[in-house]
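Peer 1: Structure provided below as structure tokens; questions to follow.
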Amino acid sequence: MSAAAAAPGPGARPWLARLHPALFGIALGTLGLAGAWQRLVPLGVTRGNPVSLALFAAGLAVLGVLAVLWAAKLVRHPAVVRQEWHHPVQGPLLAILPVALLLATALAAPAFPSLRAAWLTLTCAALLMQGLLAWQVVARLSTGQMPPELITPALYLPTVAGGFVGSMTLNALALPGWGALLMGMGAGAWALLEIRILNRLFAGPLPPLLRPTLGLEIAPAAVGSLALASLWPGLPAEALMVCLGVASAPVMAVLTRWRYWTEVPFNPGFWSFSFPLAAMAGATVEAVRRGGWPVEVAVAAVAIASAVIAYLAVRTLVLLLRGRLLPPQ
């Protein structure tokens, strides 16, 4: 943290109070990419294992630091946290924290089965936080309390992403039945939210401050494809290709509006693109493995996701060094 960020001017909030929930996207995207690289190992890509371990360690470190800072923020600035929890956009973005915890558990649990009780406790805590945030989103939408201008793809996070990633976690903990149930809940939430969110996106561009959330428009189909591959190892490659075909449509929709979101100065909110792309890469690897197709296709998918996330990491580091990582107010 630079001196400029640590010493706010008159009237500005302390830097800890300005810690934005979108920062958890850094950990989620990095952990997602670690999973994609790990899926390359069965295809004979031996470098996948050390790269995956390095990315997992980096993602876990970022998640740990941010979780500690967020706990400190809760103690030092409880009113700010309360306001963000109830905010129509920042509240759903807070769901990145439990989703990242679920993904970290899904990746680590198979390697350390002796810690199953600890993994279950962590999973239950993450699902509880995610469920509370999902309840809040559904309550606002079903009672007409959600301002139309604040309906963004961020609403997918506590409802759809929580369900899909949670299903992968429960499956990794040898609870496939409960995982399938959570998968169905995520799919149901996606069906309920899709019309509202697409209607808002088709009505015109989002306000500039909300445009970085467009990356989350890619998430449901991409993460859902990966969840299906994780829950059903016997799912044929052709079925996964259908899922990836569905996932490619939101990518195209987001790319057609590139002028809208590239007009916004870079900020941590653009990490919303990272996990969906990593999930799509992981699902592509699974399709290649099951279909016996050229390994180069899987490597190319992971390489593209890695390049995008590396770009996001460099831009984020530049912001940090310049003391501009956190919003001014």
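We name chains A, B, ... following the order of the structure tokens; residues begin at 1 in each chain, and ligands are numbered from 1 as shown.
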Just the residues within 7 Å of Pro158 in chain A, please, counting only C-alpha atoms, with nothing from its chain fewer than 3 positions along; format it as a list in words.
Peer 2: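 That gives Pro92, Ala95, Gln130, Gly131, Leu133, Ala134, Leu155, Ala161 and Gly162 of chain A.
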Peer 1: What are the closest atom pairs, with distances in Å to one decimal, for each residue of range 100-210 of chain A lying within 12 Å of range 55-72 of chain A, using only C-alpha atoms, rows by chain and rising residue number, as JSON lines?
Peer 2:
```
{"residue": "A:Ala100", "atom": "CA", "partner": "A:Leu63", "partner_atom": "CA", "distance": 7.6}
{"residue": "A:Leu101", "atom": "CA", "partner": "A:Leu63", "partner_atom": "CA", "distance": 8.1}
{"residue": "A:Leu102", "atom": "CA", "partner": "A:Leu63", "partner_atom": "CA", "distance": 11.6}
{"residue": "A:Leu103", "atom": "CA", "partner": "A:Leu60", "partner_atom": "CA", "distance": 10.3}
{"residue": "A:Ala104", "atom": "CA", "partner": "A:Leu60", "partner_atom": "CA", "distance": 7.3}
{"residue": "A:Thr105", "atom": "CA", "partner": "A:Leu60", "partner_atom": "CA", "distance": 10.3}
{"residue": "A:Ala106", "atom": "CA", "partner": "A:Phe56", "partner_atom": "CA", "distance": 11.6}
{"residue": "A:Leu107", "atom": "CA", "partner": "A:Phe56", "partner_atom": "CA", "distance": 8.4}
{"residue": "A:Ala108", "atom": "CA", "partner": "A:Phe56", "partner_atom": "CA", "distance": 9.0}
```
Peer 1: Go ahead and compute the interatomic distance for CA of Ala191 in chain A and CA of Ile151 in chain A, in Å to one decimal.
Peer 2: 15.3 Å
Peer 1: State, in Å with one decimal place, the distance from CA of Gln38 in chain A to CA of Leu128 in chain A.
Peer 2: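 For CA of Gln38 in chain A relative to CA of Leu128 in chain A, the distance reads 28.1 Å.
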Peer 1: Enter the distance from CA of Ala180 in chain A to CA of Ser52 in chain A, in Å, rounded to one decimal.
Peer 2: 26.3 Å
Peer 1: Given the choices A:Gly323, A:Gly282, A:Gly91, A:Pro212, which gets closest to Leu244 in chain A if the distance is worked out from only C-alpha atoms?
Peer 2: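 Nearest to Leu244 in chain A: A:Gly282.
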Peer 1: Just checking: using only C-alpha atoms, which residue out of A:Leu173, A:Leu132, A:Val246, A:Val288 ends up closest to Ala118 in chain A?
Peer 2: A:Leu173
